[in-house]
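Pasting my_file_4.txt here (compact mmCIF, C-alpha atoms):
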```
# COMPACT_ATOMS: atom_id res chain seq x y z
CA PRO A 26 28.83 17.14 -73.49
CA VAL A 27 28.61 20.50 -75.05
CA GLY A 28 29.29 23.41 -72.66
CA VAL A 29 30.83 21.28 -69.86
CA ASN A 30 34.49 21.56 -69.08
CA VAL A 31 36.16 18.25 -68.37
CA PRO A 32 39.31 18.43 -66.28
CA ALA A 33 42.57 17.29 -67.78
CA THR A 34 42.53 14.27 -65.48
CA GLY A 35 39.41 13.07 -67.18
CA ARG A 36 37.38 13.09 -63.91
CA TRP A 37 34.25 15.01 -63.24
CA ALA A 38 34.46 17.82 -60.68
CA LEU A 39 31.37 18.65 -58.61
CA PRO A 40 30.43 22.27 -58.26
CA ALA A 41 31.30 23.91 -54.92
CA SER A 42 27.62 24.36 -54.04
CA THR A 43 27.03 20.63 -54.42
CA THR A 44 29.96 19.83 -52.11
CA GLU A 45 28.65 22.19 -49.41
CA GLU A 46 25.19 20.63 -49.68
CA CYS A 47 26.60 17.14 -49.12
CA SER A 48 28.59 18.34 -46.10
CA SER A 49 25.46 19.92 -44.65
CA ASN A 50 23.52 16.67 -45.13
CA ASP A 51 26.27 14.74 -43.33
CA ASP A 52 26.11 17.15 -40.37
CA SER A 53 22.33 16.81 -40.20
CA THR A 54 22.58 13.03 -40.26
CA THR A 55 25.15 13.06 -37.46
CA LEU A 56 22.98 15.36 -35.36
CA ILE A 57 19.96 13.11 -35.85
CA VAL A 58 21.98 10.06 -34.82
CA VAL A 59 23.24 11.82 -31.68
CA VAL A 60 19.75 13.01 -30.73
CA CYS A 61 18.28 9.56 -31.27
CA SER A 62 21.05 8.02 -29.15
CA VAL A 63 20.43 10.45 -26.29
CA VAL A 64 16.66 9.97 -26.45
CA GLY A 65 17.09 6.21 -26.58
CA THR A 66 19.39 6.25 -23.55
CA VAL A 67 16.96 8.41 -21.58
CA LEU A 68 14.05 6.13 -22.49
CA LEU A 69 16.07 3.05 -21.53
CA LEU A 70 16.96 4.53 -18.15
CA GLY A 71 13.33 5.55 -17.64
CA CYS A 72 12.14 2.03 -18.41
CA CYS A 73 14.69 0.56 -15.99
CA CYS A 74 13.59 2.92 -13.23
CA ALA A 75 9.92 2.20 -13.91
CA ALA A 76 10.58 -1.54 -13.86
CA TYR A 77 12.39 -1.19 -10.52
CA VAL A 78 9.55 0.80 -8.98
CA VAL A 79 6.93 -1.65 -10.27
CA ARG A 80 8.93 -4.56 -8.89
CA ARG A 81 9.17 -2.92 -5.45
CA LEU A 82 5.43 -2.17 -5.46
CA GLN A 83 4.62 -5.73 -6.47
CA ARG A 84 6.81 -7.09 -3.70
CA GLN A 85 5.08 -4.85 -1.20
CA ARG A 86 1.64 -5.82 -2.55
CA HIS A 87 2.25 -9.54 -2.39
CA ARG A 88 4.06 -9.39 0.93
CA PRO A 89 1.72 -10.21 3.82
CA ASN A 90 0.96 -7.52 6.36
CA GLN A 91 4.15 -7.65 8.34
CA GLN A 92 4.52 -6.97 12.00
CA PHE A 93 7.51 -6.52 14.21
CA LEU A 94 8.43 -9.82 15.84
CA CYS A 95 10.16 -10.59 19.11
CA ARG A 96 13.64 -12.04 18.62
CA ARG A 97 13.17 -14.31 21.59
CA THR A 98 9.91 -15.95 20.45
CA HIS A 99 9.63 -14.98 16.76
CA LEU A 100 6.07 -13.93 17.54
CA PRO A 101 4.43 -10.49 17.73
CA PRO A 102 5.49 -8.68 20.92
CA ASP A 103 3.43 -9.58 23.97
CA ILE A 104 2.42 -6.05 24.91
CA ALA A 105 -0.37 -6.21 27.47
CA PRO A 106 -3.54 -4.16 26.84
CA VAL A 107 -4.15 -1.01 28.87
CA GLY A 108 -7.30 0.62 30.20
CA ALA A 109 -9.63 2.71 28.07
CA ASP A 110 -8.14 5.95 29.39
CA GLU A 111 -4.52 4.75 29.35
CA PHE A 112 -1.79 4.61 26.72
CA HIS A 113 1.24 2.51 25.99
CA LEU A 114 3.23 5.41 24.53
CA PHE A 115 3.01 9.19 24.96
CA LEU A 116 4.44 11.29 22.10
CA SER A 117 5.92 14.51 23.45
CA HIS A 118 6.88 17.03 20.76
CA THR A 119 6.77 20.66 19.78
CA TRP A 120 4.30 21.63 17.09
CA LEU A 121 6.75 24.02 15.46
CA SER A 122 9.22 21.38 14.31
CA GLY A 123 8.02 17.89 15.26
CA GLN A 124 4.34 17.62 14.38
CA ASP A 125 4.70 15.77 11.07
CA GLN A 126 7.33 13.35 12.40
CA VAL A 127 5.31 12.15 15.41
CA ALA A 128 2.25 11.78 13.18
CA MET A 129 4.32 9.41 11.05
CA ILE A 130 5.58 7.56 14.13
CA LYS A 131 2.05 6.93 15.39
CA GLN A 132 0.70 5.95 11.98
CA GLN A 133 3.50 3.53 11.18
CA LEU A 134 3.73 1.96 14.62
CA SER A 135 0.03 1.16 14.41
CA GLY A 136 0.78 -0.99 11.37
CA PHE A 137 3.78 -2.83 12.81
CA LEU A 138 2.54 -3.45 16.37
CA PRO A 139 -0.54 -5.31 17.66
CA ALA A 140 -3.79 -3.46 17.08
CA HIS A 141 -4.46 -2.91 20.78
CA VAL A 142 -1.33 -0.77 21.29
CA ARG A 143 -2.45 2.77 22.13
CA VAL A 144 -0.27 5.78 21.30
CA PHE A 145 -1.08 9.25 22.65
CA ARG A 146 -0.75 12.18 20.25
CA ASP A 147 -2.19 15.51 21.27
CA VAL A 148 -4.01 16.17 17.99
CA ASP A 149 -5.85 12.86 18.31
CA ASP A 150 -6.26 12.37 22.05
CA LEU A 151 -5.85 15.62 23.97
CA GLU A 152 -9.18 16.82 25.34
CA ASN A 153 -7.99 19.32 27.95
CA ILE A 154 -4.56 20.97 28.00
CA ASP A 155 -4.87 21.41 31.76
CA ARG A 156 -4.78 17.60 32.12
CA LEU A 157 -1.47 17.24 30.29
CA GLU A 158 0.36 15.82 33.30
CA GLU A 159 -2.48 13.36 33.83
CA TYR A 160 -2.11 12.00 30.30
CA VAL A 161 1.60 11.48 30.93
CA ALA A 162 0.88 9.70 34.21
CA LYS A 163 -1.53 7.35 32.43
CA SER A 164 1.03 6.40 29.79
CA GLN A 165 3.48 3.53 30.27
CA VAL A 166 6.35 5.09 28.31
CA VAL A 167 7.07 8.68 27.23
CA LEU A 168 8.83 9.47 23.95
CA LEU A 169 10.59 12.83 23.73
CA PHE A 170 10.94 13.89 20.10
CA LEU A 171 13.93 16.21 20.19
CA SER A 172 13.59 18.76 17.41
CA LYS A 173 14.40 22.46 17.13
CA GLY A 174 13.07 24.42 20.08
CA TYR A 175 11.75 21.41 21.99
CA PHE A 176 13.05 22.57 25.37
CA LEU A 177 11.86 26.12 24.68
CA SER A 178 8.25 24.93 24.65
CA ARG A 179 6.41 25.41 27.94
CA ASN A 180 4.12 22.44 27.35
CA CYS A 181 7.02 20.18 26.36
CA LEU A 182 8.74 21.04 29.62
CA ARG A 183 5.52 20.21 31.48
CA GLU A 184 5.53 16.80 29.84
CA VAL A 185 9.21 16.17 30.62
CA ARG A 186 8.76 17.15 34.25
CA ALA A 187 5.64 15.00 34.51
CA ALA A 188 7.56 12.03 33.09
CA VAL A 189 10.38 12.55 35.61
CA THR A 190 7.97 13.03 38.51
CA SER A 191 6.06 9.85 37.55
CA SER A 192 9.31 7.91 37.01
CA LYS A 193 8.25 7.00 33.48
CA PRO A 194 10.65 5.23 31.13
CA VAL A 195 11.77 7.77 28.52
CA ILE A 196 12.66 7.19 24.87
CA LEU A 197 14.75 9.89 23.16
CA VAL A 198 14.29 10.36 19.40
CA HIS A 199 16.48 12.96 17.72
CA GLU A 200 15.55 14.86 14.55
CA HIS A 201 18.99 15.55 13.12
CA ALA A 202 18.01 17.03 9.73
CA GLU A 203 18.13 20.79 10.25
CA THR A 204 16.22 21.36 7.00
CA LYS A 205 13.37 19.27 8.45
CA GLY A 206 13.09 20.96 11.83
CA GLY A 207 16.08 19.34 13.46
CA ASP A 208 18.85 20.81 15.57
CA ARG A 209 22.27 19.75 16.81
CA LEU A 210 22.18 17.60 19.89
CA GLU A 211 24.61 19.93 21.66
CA VAL A 212 22.20 22.84 21.21
CA LEU A 213 19.25 20.81 22.50
CA ARG A 214 21.26 19.69 25.50
CA GLN A 215 22.17 23.28 26.36
CA GLU A 216 18.55 24.40 26.02
CA CYS A 217 17.40 21.71 28.44
CA PRO A 218 16.90 23.15 31.97
CA ASP A 219 19.77 22.41 34.35
CA GLU A 220 17.65 20.36 36.75
CA LEU A 221 16.49 18.08 33.91
CA ARG A 222 19.63 17.81 31.79
CA GLU A 223 21.33 14.90 33.55
CA LEU A 224 18.05 12.99 33.84
CA VAL A 225 17.07 13.41 30.19
CA PHE A 226 20.52 13.02 28.66
CA ASP A 227 21.58 10.04 30.73
CA PRO A 228 24.81 8.75 29.08
CA LYS A 229 23.48 5.20 29.35
CA ARG A 230 20.22 6.04 27.61
CA PRO A 231 20.18 5.06 23.91
CA LEU A 232 19.34 7.77 21.40
CA VAL A 233 17.17 6.87 18.42
CA ARG A 234 18.14 8.77 15.28
CA TRP A 235 15.10 9.67 13.18
CA HIS A 236 15.36 8.70 9.50
CA ARG A 237 12.98 9.27 6.61
CA LEU A 238 14.27 6.94 3.90
CA SER A 239 12.10 3.83 3.73
CA ASP A 240 14.47 1.13 5.02
CA LEU A 241 16.28 3.40 7.47
CA ASN A 242 12.95 4.71 8.70
CA ARG A 243 12.03 1.15 9.67
CA VAL A 244 15.24 0.96 11.66
CA SER A 245 14.15 4.02 13.67
CA LEU A 246 10.68 2.55 14.20
CA LEU A 247 12.14 -0.81 15.20
CA GLN A 248 14.31 0.81 17.84
CA ILE A 249 11.36 2.79 19.22
CA ALA A 250 9.15 -0.32 19.28
CA SER A 251 11.93 -2.41 20.86
CA LEU A 252 12.30 0.07 23.71
CA LEU A 253 8.53 0.24 24.14
CA HIS A 254 8.32 -3.56 24.22
CA THR A 255 11.17 -3.83 26.71
CA PHE A 256 9.76 -1.22 29.08
CA GLY A 257 6.22 -2.59 28.66
CA ARG A 258 7.42 -5.94 30.01
CA GLY A 259 8.69 -4.21 33.11
CA VAL A 260 12.33 -4.81 32.23
CA ASP A 261 14.43 -1.98 33.62
CA GLN A 262 16.98 -1.88 30.81
CA TRP A 263 17.37 -0.49 27.33
CA SER A 264 17.26 -2.74 24.28
CA LEU A 265 17.26 -1.39 20.73
CA ASN A 266 17.03 -4.77 19.00
CA ALA A 267 14.46 -6.72 21.01
CA LEU A 268 12.23 -6.78 17.91
CA TYR A 269 12.90 -7.38 14.23
CA LEU A 270 11.10 -7.13 10.90
CA PRO A 271 11.53 -10.17 8.62
CA ASN A 272 13.24 -9.48 5.27
CA SER A 273 14.10 -5.93 6.26
CA LEU A 274 17.39 -4.08 6.03
CA THR A 275 18.12 -4.82 9.68
CA GLU A 276 18.13 -8.56 8.95
CA GLU A 277 20.45 -8.39 5.94
CA THR A 278 24.20 -8.74 6.04
CA ILE A 279 25.83 -5.65 4.55
```

Mind converting the file's structure to structure tokens?
Amino acid sequence: PVGVNVPATGRWALPASTTEECSSNDDSTTLIVVVCSVVGTVLLLGCCCAAYVVRRLQRQRHRPNQQFLCRRTHLPPDIAPVGADEFHLFLSHTWLSGQDQVAMIKQQLSGFLPAHVRVFRDVDDLENIDRLEEYVAKSQVVLLFLSKGYFLSRNCLREVRAAVTSSKPVILVHEHAETKGGDRLEVLRQECPDELRELVFDPKRPLVRWHRLSDLNRVSLLQIASLLHTFGRGVDQWSLNALYLPNSLTEETI
């Protein structure tokens, strides 16, 4: 054509601006492909997570209301009823670092144990702080929730001394997560008064480690309930696995 220079090779040569435009289009296409791949991967992972959560919820919904069962009989634990002003379990804790945890213990135990099991928690059941020792005396078992500053609380020490004086079986539960109000066991042991230390931290006494994750939390609750069941039957020994929860982590082989 007139006005167009044809190279000696006889091939057409694209202008430089056209070449740069094509390169720019290629870069844009690559970027779009990368973005789409990342978005697709994120959406796929999100769908997988959502499917997993829905499946867990469906399993929980269709699972019958489960209770802890006795290993010996495979029936709900035979915990005898108590009087109207008595309790099966007394929850001793300090408000500063253990209030939420014992609230969870009481709430969850009420779902896994027979309905007549009565658990004392100050917020729910305390009518007169001057009668604190009386509430301990009217409880079958006393649980000491060992969290930060427990033995620095005057009322907690009243409860511990009342439990010792009344010869009550004691369950120790340790909050180990320092970000959740916990403290090292060595610190708690040192803060315990000398006259109570050997009685509370009996080397033969099992220590229940408090967990929050769903399956591990059930392990903690199972151990607490097992000790309560054992002591409630008048058996003077410690057993952390007297009870079990069907289809739970504790019944699976790892």

Exercise. When you draw a straight line from CA of Leu252 (chain A) to CA of Leu100 (chain A), how long is it in Å?
Worked result: 16.5 Å

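With distances taken over all atoms listed in the file, A:Pro231 is the one residue among A:Gly136, A:Pro231, A:Gly71, A:Pro102 lying closest to Val195 (chain A).
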
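Across the structure, CA of Leu238 (chain A) and CA of Leu121 (chain A) are spaced 22.0 Å apart.
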
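The spacing separating CA of Arg243 (chain A) from CA of Asp208 (chain A) amounts to 21.6 Å.
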
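Comparing the minimum interatomic distances between Ser164 (chain A) and each of A:Phe176, A:Phe256, A:Phe226, A:Trp120, counting all atoms listed in the file, we find that A:Phe256 sits nearest.
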